[in-house]
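A.B. asks: The structure follows.
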Protein chains: 2
Amino acid sequence: MASQEIENLAAALARLPGLGPRSARRAVLWLVKRRDQALPQLLEAMEQVRDRLVECETCGNIDTQNPCGVCADPRRDAKSICVVEDVSDLWALDRAKLFTGTYHVLGGRLSALDGVRPEDLNIAPLLARVEAGGVDEVVLAMNATLEGQTTSHYIAERLEGFPVRITQLAHGLPVGGELDYLDEGTLAQALRARRPV
Amino acid sequence: MASQEIENLAAALARLPGLGPRSARRAVLWLVKRRDQALPQLLEAMEQVRDRLVECETCGNIDTQNPCGVCADPRRDAKSICVVEDVSDLWALDRAKLFTGTYHVLGGRLSALDGVRPEDLNIAPLLARVEAGGVDEVVLAMNATLEGQTTSHYIAERLEGFPVRITQLAHGLPVGGELDYLDEGTLAQALRARRPV
């Protein structure tokens, strides 16, 4: 039998998204064999995340400072707010290095199925930011899923009446997408939003 | 951009087998969101593995004690040694709760491709255990791969001349295996080893 310590670590790792019980067990063995090097490195990285990260009170981003690096950066355009469902979406957009405004993280999406209501999301602080003034544009960058789009519509409605431009990410062919492999929904959106060359 | 702490943790997690860069990133976000509970639990489990586990000098198993729980257990039959490639194989066999003898972990398999030679494996200590006497049977429980079987043959040869019974795991249909889905190698082995009902 594997020792209790190993079982505990396997159980803790198996809770991570993307790791099942079997792959967690393999990961444990990998770590056990590298308990002089890779394991302490992973430990230290985790301790730093535990000790140093805070949630930005302005936008909901997670960073070592509050306000976060994005909100505090004077080169970023505070007049433009990009609303995303989750911190990982913020990271993904920022990796694209195109958007130079600030973000607002909702912390989820509206979902009747999962019982997520507007008051469960970080929406009121977004409205407060817009209400405080100085915001020109709100970019709705929800996922192109049913729930993401429902959330998008809801926020657009709540922002009606404010003097801000409300935009959303374009839908269409992904880069490298082959028509033959794309779903009809994407093709319909791409066709509907066709532009002169 | 995600903070350096997050990038570091993502990089450390991405080195685990079974997690790529993308799933490591998702795991980090999951941990960041649970840095009050799941993250400290995982940290503690890792610290215990780092601090408490040692390799058994007798059999190569990894446990909190040396000799390991299996070698030290008086109810286990020290006359029978089951030789496995890796600690995970020992765990897998022990989960089956059928074998009541002791184990010997080789720490790998002979491989011309990976440059693993007999002296790289934990083979000499196995021969020493057999030579010391008191062993009746050596069960070769290598993987049913080319390299596993090569290793098996090599060890069987090295054990020739010792007064021990050398056996190996049966090859055949796995439980629940459907003939239509099994490879010819397995079917040939199962047919060759057929037994009266």
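Please note that chains go A, B, ... in the order of the structure tokens, that every chain numbers its residues from 1, and that ligands are numbered from 1 in the order shown.
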Once you count only C-alpha atoms, which residues of chain A turn out to be within 8 Å of chain B? Could you give them as a ChimeraX atom specification?

C.D. replies: /A:1-3,5-6,8-9,12-13,16-19,23,26-27,29-32,35-36,38-43,45-50,52-53,62-64,70,87-88,90-91,94-95

A.B. asks: How about saving the chosen residues, N, CA and C atoms kept, as a CSV table (one decimal), in the first residue's frame?

C.D. replies:
```
chain,number,residue,atom,x,y,z
A,1,MET,N,0.9,-1.2,0.0
A,1,MET,CA,0.0,0.0,0.0
A,1,MET,C,0.9,1.2,0.0
A,2,ALA,N,0.5,2.3,-0.7
A,2,ALA,CA,1.2,3.5,-0.7
A,2,ALA,C,0.9,4.2,0.7
A,3,SER,N,1.9,4.9,1.2
A,3,SER,CA,1.8,5.5,2.5
A,3,SER,C,0.7,6.6,2.5
A,5,GLU,N,0.8,9.6,3.4
A,5,GLU,CA,1.3,10.9,2.8
A,5,GLU,C,1.1,10.9,1.3
A,6,ILE,N,1.4,9.8,0.7
A,6,ILE,CA,1.3,9.8,-0.8
A,6,ILE,C,-0.2,9.8,-1.2
A,8,ASN,N,-2.6,11.2,0.5
A,8,ASN,CA,-3.1,12.5,0.8
A,8,ASN,C,-2.7,13.5,-0.4
A,9,LEU,N,-1.5,13.4,-0.8
A,9,LEU,CA,-1.0,14.3,-1.9
A,9,LEU,C,-1.8,13.9,-3.2
A,12,ALA,N,-5.2,15.4,-2.9
A,12,ALA,CA,-5.2,16.9,-3.1
A,12,ALA,C,-4.9,17.3,-4.5
A,13,LEU,N,-4.0,16.5,-5.2
A,13,LEU,CA,-3.8,16.9,-6.6
A,13,LEU,C,-4.9,16.5,-7.5
A,16,LEU,N,-7.4,19.1,-8.5
A,16,LEU,CA,-7.1,20.1,-9.5
A,16,LEU,C,-7.9,19.8,-10.8
A,17,PRO,N,-8.4,20.9,-11.5
A,17,PRO,CA,-9.0,20.6,-12.8
A,17,PRO,C,-8.0,20.1,-13.8
A,18,GLY,N,-8.3,19.1,-14.5
A,18,GLY,CA,-7.4,18.5,-15.5
A,18,GLY,C,-6.6,17.3,-15.0
A,19,LEU,N,-6.7,17.0,-13.7
A,19,LEU,CA,-6.0,15.8,-13.2
A,19,LEU,C,-7.1,14.9,-12.6
A,23,SER,N,-4.0,10.2,-13.0
A,23,SER,CA,-2.9,11.1,-13.4
A,23,SER,C,-2.3,11.8,-12.1
A,26,ARG,N,0.2,9.4,-10.8
A,26,ARG,CA,1.5,9.5,-11.6
A,26,ARG,C,2.2,10.8,-11.2
A,27,ALA,N,1.5,11.9,-11.0
A,27,ALA,CA,2.2,13.1,-10.7
A,27,ALA,C,2.8,13.0,-9.3
A,29,LEU,N,4.0,10.3,-7.9
A,29,LEU,CA,5.2,9.5,-8.1
A,29,LEU,C,6.4,10.3,-8.7
A,30,TRP,N,6.0,11.1,-9.7
A,30,TRP,CA,7.0,12.0,-10.3
A,30,TRP,C,7.6,13.0,-9.3
A,31,LEU,N,6.7,13.5,-8.4
A,31,LEU,CA,7.2,14.5,-7.4
A,31,LEU,C,8.0,13.8,-6.4
A,32,VAL,N,7.6,12.6,-6.0
A,32,VAL,CA,8.3,11.8,-4.9
A,32,VAL,C,9.7,11.5,-5.4
A,35,ARG,N,11.9,14.8,-5.1
A,35,ARG,CA,11.6,15.6,-3.9
A,35,ARG,C,12.7,16.4,-3.5
A,36,ASP,N,13.9,16.3,-4.2
A,36,ASP,CA,15.0,17.2,-3.8
A,36,ASP,C,15.0,18.5,-4.7
A,38,ALA,N,12.3,19.4,-8.0
A,38,ALA,CA,11.1,19.9,-8.6
A,38,ALA,C,10.0,20.1,-7.5
A,39,LEU,N,10.0,19.2,-6.5
A,39,LEU,CA,9.0,19.4,-5.4
A,39,LEU,C,9.2,20.7,-4.6
A,40,PRO,N,10.4,21.0,-4.1
A,40,PRO,CA,10.6,22.2,-3.4
A,40,PRO,C,10.3,23.5,-4.3
A,41,GLN,N,10.6,23.4,-5.6
A,41,GLN,CA,10.3,24.5,-6.5
A,41,GLN,C,8.8,24.7,-6.5
A,42,LEU,N,8.1,23.6,-6.7
A,42,LEU,CA,6.6,23.8,-6.8
A,42,LEU,C,6.1,24.3,-5.5
A,43,LEU,N,6.6,23.8,-4.3
A,43,LEU,CA,6.2,24.3,-3.0
A,43,LEU,C,6.4,25.8,-2.9
A,45,ALA,N,6.7,28.0,-5.2
A,45,ALA,CA,5.8,28.8,-6.1
A,45,ALA,C,4.4,28.9,-5.5
A,46,MET,N,4.0,27.8,-4.9
A,46,MET,CA,2.6,27.8,-4.3
A,46,MET,C,2.6,28.7,-3.1
A,47,GLU,N,3.7,28.7,-2.3
A,47,GLU,CA,3.7,29.5,-1.1
A,47,GLU,C,3.6,31.0,-1.5
A,48,GLN,N,4.3,31.3,-2.6
A,48,GLN,CA,4.3,32.7,-3.0
A,48,GLN,C,2.9,33.1,-3.5
A,49,VAL,N,2.2,32.2,-4.2
A,49,VAL,CA,0.9,32.5,-4.6
A,49,VAL,C,0.0,32.7,-3.4
A,50,ARG,N,0.2,31.8,-2.4
A,50,ARG,CA,-0.7,31.9,-1.2
A,50,ARG,C,-0.4,33.3,-0.5
A,52,ARG,N,1.3,36.2,-1.5
A,52,ARG,CA,1.5,37.5,-2.1
A,52,ARG,C,0.3,37.9,-2.9
A,53,LEU,N,-0.6,37.0,-3.3
A,53,LEU,CA,-1.6,37.5,-4.3
A,53,LEU,C,-2.9,38.0,-3.6
A,62,ILE,N,-6.4,39.4,-10.2
A,62,ILE,CA,-5.6,38.9,-9.1
A,62,ILE,C,-4.2,39.2,-9.4
A,63,ASP,N,-3.5,39.9,-8.4
A,63,ASP,CA,-2.2,40.4,-8.6
A,63,ASP,C,-1.5,40.5,-7.2
A,64,THR,N,-0.2,40.9,-7.3
A,64,THR,CA,0.5,41.1,-6.0
A,64,THR,C,0.2,42.5,-5.4
A,70,VAL,N,-2.6,46.4,-13.8
A,70,VAL,CA,-3.3,47.0,-14.9
A,70,VAL,C,-3.9,48.3,-14.5
A,87,VAL,N,-10.7,35.7,-14.5
A,87,VAL,CA,-9.4,36.2,-14.5
A,87,VAL,C,-8.6,35.6,-15.6
A,88,SER,N,-8.9,34.3,-15.9
A,88,SER,CA,-8.1,33.7,-17.0
A,88,SER,C,-8.4,34.3,-18.3
A,90,LEU,N,-9.0,37.6,-18.7
A,90,LEU,CA,-8.2,38.8,-18.7
A,90,LEU,C,-6.8,38.4,-19.1
A,91,TRP,N,-6.2,37.4,-18.6
A,91,TRP,CA,-4.9,37.0,-18.9
A,91,TRP,C,-4.8,36.7,-20.4
A,94,ASP,N,-4.9,39.8,-22.4
A,94,ASP,CA,-3.7,40.6,-22.2
A,94,ASP,C,-2.5,39.9,-23.0
A,95,ARG,N,-2.5,38.6,-23.1
A,95,ARG,CA,-1.5,38.0,-23.9
A,95,ARG,C,-1.5,38.4,-25.3
```

A.B. asks: Going by DSSP on the backbone, which residues of stretch 73-152 of chain A come out as strand (DSSP E)? List them as a list in words.

C.D. replies: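 These are the residues in question: Asp77, Ala78, Lys79, Ser80, Ile81, Cys82, Val83, Val84, Gly101, Thr102, Tyr103, His104, Val105, Glu137, Val138, Val139 and Leu140 of chain A.
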
A.B. asks: With all heavy atoms kept, could you save the residues just selected as a short mmCIF file (atom, residue, chain, number, x, y, z; two decimals), in the first residue's frame?

C.D. replies:
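Final file, result-v2.cif:
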```
data_model
loop_
_atom_site.label_atom_id
_atom_site.label_comp_id
_atom_site.auth_asym_id
_atom_site.auth_seq_id
_atom_site.Cartn_x
_atom_site.Cartn_y
_atom_site.Cartn_z
N ASP A 77 -5.35 53.01 -20.59
CA ASP A 77 -6.42 53.97 -20.80
C ASP A 77 -7.63 53.65 -19.92
O ASP A 77 -8.41 52.75 -20.24
CB ASP A 77 -6.80 53.92 -22.28
CG ASP A 77 -7.92 54.89 -22.60
OD1 ASP A 77 -8.26 55.71 -21.72
OD2 ASP A 77 -8.45 54.82 -23.72
N ALA A 78 -7.78 54.39 -18.83
CA ALA A 78 -8.87 54.11 -17.88
C ALA A 78 -10.24 54.45 -18.45
O ALA A 78 -11.26 54.12 -17.85
CB ALA A 78 -8.62 54.87 -16.57
N LYS A 79 -10.27 55.07 -19.61
CA LYS A 79 -11.56 55.44 -20.21
C LYS A 79 -12.24 54.26 -20.88
O LYS A 79 -13.39 54.33 -21.26
CB LYS A 79 -11.36 56.57 -21.25
CG LYS A 79 -10.96 57.91 -20.62
CD LYS A 79 -11.22 59.09 -21.53
CE LYS A 79 -10.36 59.09 -22.78
NZ LYS A 79 -8.92 59.22 -22.48
N SER A 80 -11.48 53.17 -21.05
CA SER A 80 -12.02 52.00 -21.71
C SER A 80 -11.95 50.80 -20.77
O SER A 80 -10.89 50.49 -20.22
CB SER A 80 -11.19 51.74 -22.98
OG SER A 80 -11.70 50.64 -23.66
N ILE A 81 -13.10 50.16 -20.54
CA ILE A 81 -13.15 49.01 -19.63
C ILE A 81 -13.57 47.77 -20.41
O ILE A 81 -14.62 47.78 -21.06
CB ILE A 81 -14.16 49.24 -18.48
CG1 ILE A 81 -13.76 50.45 -17.64
CG2 ILE A 81 -14.25 48.01 -17.60
CD1 ILE A 81 -14.74 50.75 -16.52
N CYS A 82 -12.78 46.73 -20.33
CA CYS A 82 -13.12 45.47 -20.99
C CYS A 82 -13.64 44.50 -19.94
O CYS A 82 -12.93 44.15 -19.00
CB CYS A 82 -11.88 44.91 -21.68
SG CYS A 82 -12.17 43.34 -22.49
N VAL A 83 -14.90 44.08 -20.09
CA VAL A 83 -15.53 43.22 -19.08
C VAL A 83 -15.35 41.76 -19.48
O VAL A 83 -15.70 41.36 -20.60
CB VAL A 83 -17.03 43.54 -18.96
CG1 VAL A 83 -17.65 42.73 -17.83
CG2 VAL A 83 -17.24 45.03 -18.73
N VAL A 84 -14.79 40.96 -18.57
CA VAL A 84 -14.57 39.54 -18.84
C VAL A 84 -15.21 38.69 -17.75
O VAL A 84 -15.50 39.18 -16.66
CB VAL A 84 -13.06 39.19 -18.93
CG1 VAL A 84 -12.42 39.84 -20.14
CG2 VAL A 84 -12.34 39.60 -17.65
N GLY A 101 -6.76 49.32 -22.60
CA GLY A 101 -7.57 49.90 -21.53
C GLY A 101 -7.45 49.09 -20.25
O GLY A 101 -6.46 48.40 -20.04
N THR A 102 -8.47 49.20 -19.39
CA THR A 102 -8.47 48.43 -18.14
C THR A 102 -9.52 47.33 -18.24
O THR A 102 -10.26 47.25 -19.23
CB THR A 102 -8.79 49.34 -16.95
OG1 THR A 102 -10.06 49.94 -17.18
CG2 THR A 102 -7.72 50.41 -16.80
N TYR A 103 -9.58 46.48 -17.20
CA TYR A 103 -10.49 45.35 -17.24
C TYR A 103 -11.50 45.42 -16.10
O TYR A 103 -11.35 46.21 -15.15
CB TYR A 103 -9.71 44.04 -17.12
CG TYR A 103 -8.86 43.74 -18.32
CD1 TYR A 103 -7.52 44.13 -18.36
CD2 TYR A 103 -9.39 43.08 -19.41
CE1 TYR A 103 -6.74 43.86 -19.47
CE2 TYR A 103 -8.61 42.80 -20.53
CZ TYR A 103 -7.29 43.19 -20.55
OH TYR A 103 -6.52 42.91 -21.65
N HIS A 104 -12.50 44.56 -16.21
CA HIS A 104 -13.38 44.31 -15.08
C HIS A 104 -13.77 42.84 -15.10
O HIS A 104 -14.34 42.35 -16.08
CB HIS A 104 -14.63 45.20 -15.15
CG HIS A 104 -15.38 45.22 -13.86
ND1 HIS A 104 -15.10 46.11 -12.84
CD2 HIS A 104 -16.38 44.43 -13.39
CE1 HIS A 104 -15.89 45.88 -11.81
NE2 HIS A 104 -16.67 44.85 -12.12
N VAL A 105 -13.44 42.15 -14.01
CA VAL A 105 -13.67 40.70 -13.94
C VAL A 105 -14.97 40.41 -13.20
O VAL A 105 -15.12 40.78 -12.03
CB VAL A 105 -12.50 40.00 -13.21
CG1 VAL A 105 -12.75 38.50 -13.15
CG2 VAL A 105 -11.18 40.31 -13.89
N GLU A 137 -15.94 53.83 -23.04
CA GLU A 137 -16.34 52.61 -23.74
C GLU A 137 -16.28 51.41 -22.80
O GLU A 137 -15.35 51.27 -22.01
CB GLU A 137 -15.38 52.36 -24.92
CG GLU A 137 -15.73 51.09 -25.69
CD GLU A 137 -14.73 50.79 -26.81
OE1 GLU A 137 -13.64 51.39 -26.83
OE2 GLU A 137 -15.04 49.94 -27.66
N VAL A 138 -17.30 50.58 -22.90
CA VAL A 138 -17.30 49.29 -22.20
C VAL A 138 -17.30 48.20 -23.26
O VAL A 138 -18.24 48.11 -24.07
CB VAL A 138 -18.52 49.16 -21.27
CG1 VAL A 138 -18.57 47.75 -20.68
CG2 VAL A 138 -18.46 50.19 -20.16
N VAL A 139 -16.23 47.39 -23.28
CA VAL A 139 -16.15 46.29 -24.24
C VAL A 139 -16.62 45.02 -23.54
O VAL A 139 -16.02 44.59 -22.56
CB VAL A 139 -14.69 46.07 -24.72
CG1 VAL A 139 -14.66 45.01 -25.81
CG2 VAL A 139 -14.07 47.37 -25.19
N LEU A 140 -17.69 44.42 -24.04
CA LEU A 140 -18.19 43.19 -23.44
C LEU A 140 -17.46 42.01 -24.08
O LEU A 140 -17.65 41.73 -25.27
CB LEU A 140 -19.70 43.08 -23.64
CG LEU A 140 -20.49 44.23 -22.98
CD1 LEU A 140 -21.96 44.15 -23.33
CD2 LEU A 140 -20.29 44.22 -21.47
#
```

A.B. asks: Need to verify the contact set: stretch 142-146 of chain B, 9 Å, only C-alpha atoms, exclusion of same-chain residues closer than 3 positions in sequence. Can you return it as a PDB file with N, CA, C and O atoms, in the first residue's frame?

C.D. replies:
```
ATOM      1  N   VAL B  83       9.116  -8.838  -8.275  1.00  0.00           N
ATOM      2  CA  VAL B  83       9.970  -7.803  -8.859  1.00  0.00           C
ATOM      3  C   VAL B  83       9.140  -6.932  -9.803  1.00  0.00           C
ATOM      4  O   VAL B  83       8.484  -7.456 -10.711  1.00  0.00           O
ATOM      5  N   VAL B  84       9.155  -5.620  -9.576  1.00  0.00           N
ATOM      6  CA  VAL B  84       8.389  -4.697 -10.429  1.00  0.00           C
ATOM      7  C   VAL B  84       9.320  -3.613 -10.979  1.00  0.00           C
ATOM      8  O   VAL B  84      10.403  -3.376 -10.447  1.00  0.00           O
ATOM      9  N   GLU B  85       8.861  -2.955 -12.038  1.00  0.00           N
ATOM     10  CA  GLU B  85       9.680  -1.912 -12.648  1.00  0.00           C
ATOM     11  C   GLU B  85       9.714  -0.666 -11.766  1.00  0.00           C
ATOM     12  O   GLU B  85      10.752  -0.061 -11.538  1.00  0.00           O
ATOM     13  N   ASP B  86       8.523  -0.286 -11.279  1.00  0.00           N
ATOM     14  CA  ASP B  86       8.440   1.020 -10.638  1.00  0.00           C
ATOM     15  C   ASP B  86       7.573   0.981  -9.388  1.00  0.00           C
ATOM     16  O   ASP B  86       6.777   0.068  -9.211  1.00  0.00           O
ATOM     17  N   ASP B  89       3.959   0.451  -9.855  1.00  0.00           N
ATOM     18  CA  ASP B  89       3.534  -0.931 -10.119  1.00  0.00           C
ATOM     19  C   ASP B  89       3.326  -1.677  -8.805  1.00  0.00           C
ATOM     20  O   ASP B  89       2.391  -2.455  -8.666  1.00  0.00           O
ATOM     21  N   ARG B 109      13.315  -0.007 -16.501  1.00  0.00           N
ATOM     22  CA  ARG B 109      13.383  -1.198 -17.346  1.00  0.00           C
ATOM     23  C   ARG B 109      14.599  -1.070 -18.250  1.00  0.00           C
ATOM     24  O   ARG B 109      15.035   0.041 -18.535  1.00  0.00           O
ATOM     25  N   GLN B 149       9.554  -7.110 -20.949  1.00  0.00           N
ATOM     26  CA  GLN B 149       9.819  -8.536 -21.129  1.00  0.00           C
ATOM     27  C   GLN B 149      11.315  -8.807 -21.300  1.00  0.00           C
ATOM     28  O   GLN B 149      11.822  -9.822 -20.845  1.00  0.00           O
ATOM     29  N   THR B 150      12.017  -7.868 -21.934  1.00  0.00           N
ATOM     30  CA  THR B 150      13.480  -7.997 -22.046  1.00  0.00           C
ATOM     31  C   THR B 150      14.095  -7.995 -20.652  1.00  0.00           C
ATOM     32  O   THR B 150      14.955  -8.824 -20.320  1.00  0.00           O
ATOM     33  N   THR B 151      13.628  -7.075 -19.821  1.00  0.00           N
ATOM     34  CA  THR B 151      14.112  -6.975 -18.448  1.00  0.00           C
ATOM     35  C   THR B 151      13.826  -8.263 -17.695  1.00  0.00           C
ATOM     36  O   THR B 151      14.677  -8.785 -16.958  1.00  0.00           O
ATOM     37  N   SER B 152      12.619  -8.781 -17.908  1.00  0.00           N
ATOM     38  CA  SER B 152      12.185 -10.011 -17.264  1.00  0.00           C
ATOM     39  C   SER B 152      13.130 -11.165 -17.627  1.00  0.00           C
ATOM     40  O   SER B 152      13.624 -11.879 -16.747  1.00  0.00           O
ATOM     41  N   GLN B 168       6.345 -15.747 -13.687  1.00  0.00           N
ATOM     42  CA  GLN B 168       5.986 -14.417 -14.195  1.00  0.00           C
ATOM     43  C   GLN B 168       4.478 -14.297 -14.247  1.00  0.00           C
ATOM     44  O   GLN B 168       3.757 -15.301 -14.243  1.00  0.00           O
ATOM     45  N   LEU B 169       3.978 -13.090 -14.302  1.00  0.00           N
ATOM     46  CA  LEU B 169       2.537 -12.861 -14.365  1.00  0.00           C
ATOM     47  C   LEU B 169       1.976 -13.515 -15.616  1.00  0.00           C
ATOM     48  O   LEU B 169       2.632 -13.539 -16.656  1.00  0.00           O
ATOM     49  N   HIS B 171      -0.128 -13.882 -18.953  1.00  0.00           N
ATOM     50  CA  HIS B 171      -0.592 -12.985 -20.016  1.00  0.00           C
ATOM     51  C   HIS B 171      -1.877 -13.554 -20.579  1.00  0.00           C
ATOM     52  O   HIS B 171      -2.020 -14.759 -20.685  1.00  0.00           O
TER      53      HIS B 171
END
```

A.B. asks: Pairing the C-alpha atoms in order and superposing chain B on chain A, what is the resulting RMSD?

C.D. replies: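 Across the paired C-alpha atoms, the RMSD reaches 0.1 Å.
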
A.B. asks: Running DSSP on the backbone, which parts of stretch 87-189 of chain B land in helix (DSSP H, G or I), as a ChimeraX atom specification?

C.D. replies: /B:87-95,118-120,123-131,146-158,179-181,184-189

A.B. asks: With only C-alpha atoms as the atoms that count, which of B:Arg75, B:Gly60, B:Gly161, B:Thr100 lies nearest to B:Leu121?

C.D. replies: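 Of B:Arg75, B:Gly60, B:Gly161, B:Thr100, the one nearest B:Leu121, counting only C-alpha atoms, is B:Gly60.
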
A.B. asks: Rounded to one decimal, what separation in Å do you get between atom CA of A:Thr58 and atom CA of A:Asp73?

C.D. replies: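 Taking atom CA of A:Thr58 and atom CA of A:Asp73, their separation equals 12.9 Å.
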
A.B. asks: Between atom CA of B:Ile123 and atom CA of B:Val135, what is the spacing in Å?

C.D. replies: 15.6 Å

A.B. asks: Which is closer to A:Val164 than all the others in A:Glu119, A:Glu57, A:Glu131, A:Asp114, using only C-alpha atoms?

C.D. replies: A:Glu131

A.B. asks: Using only C-alpha atoms for the distances, tell me which of A:Ala193, A:Ala132, A:Ile155, A:Gly176 is nearest to A:Leu106.

C.D. replies: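 Among A:Ala193, A:Ala132, A:Ile155, A:Gly176, it is A:Ile155 that comes nearest to A:Leu106.
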
A.B. asks: What separation in Å, quoted to one decimal, exists between atom CA of A:Ala124 and atom CA of A:Cys59?

C.D. replies: 11.3 Å
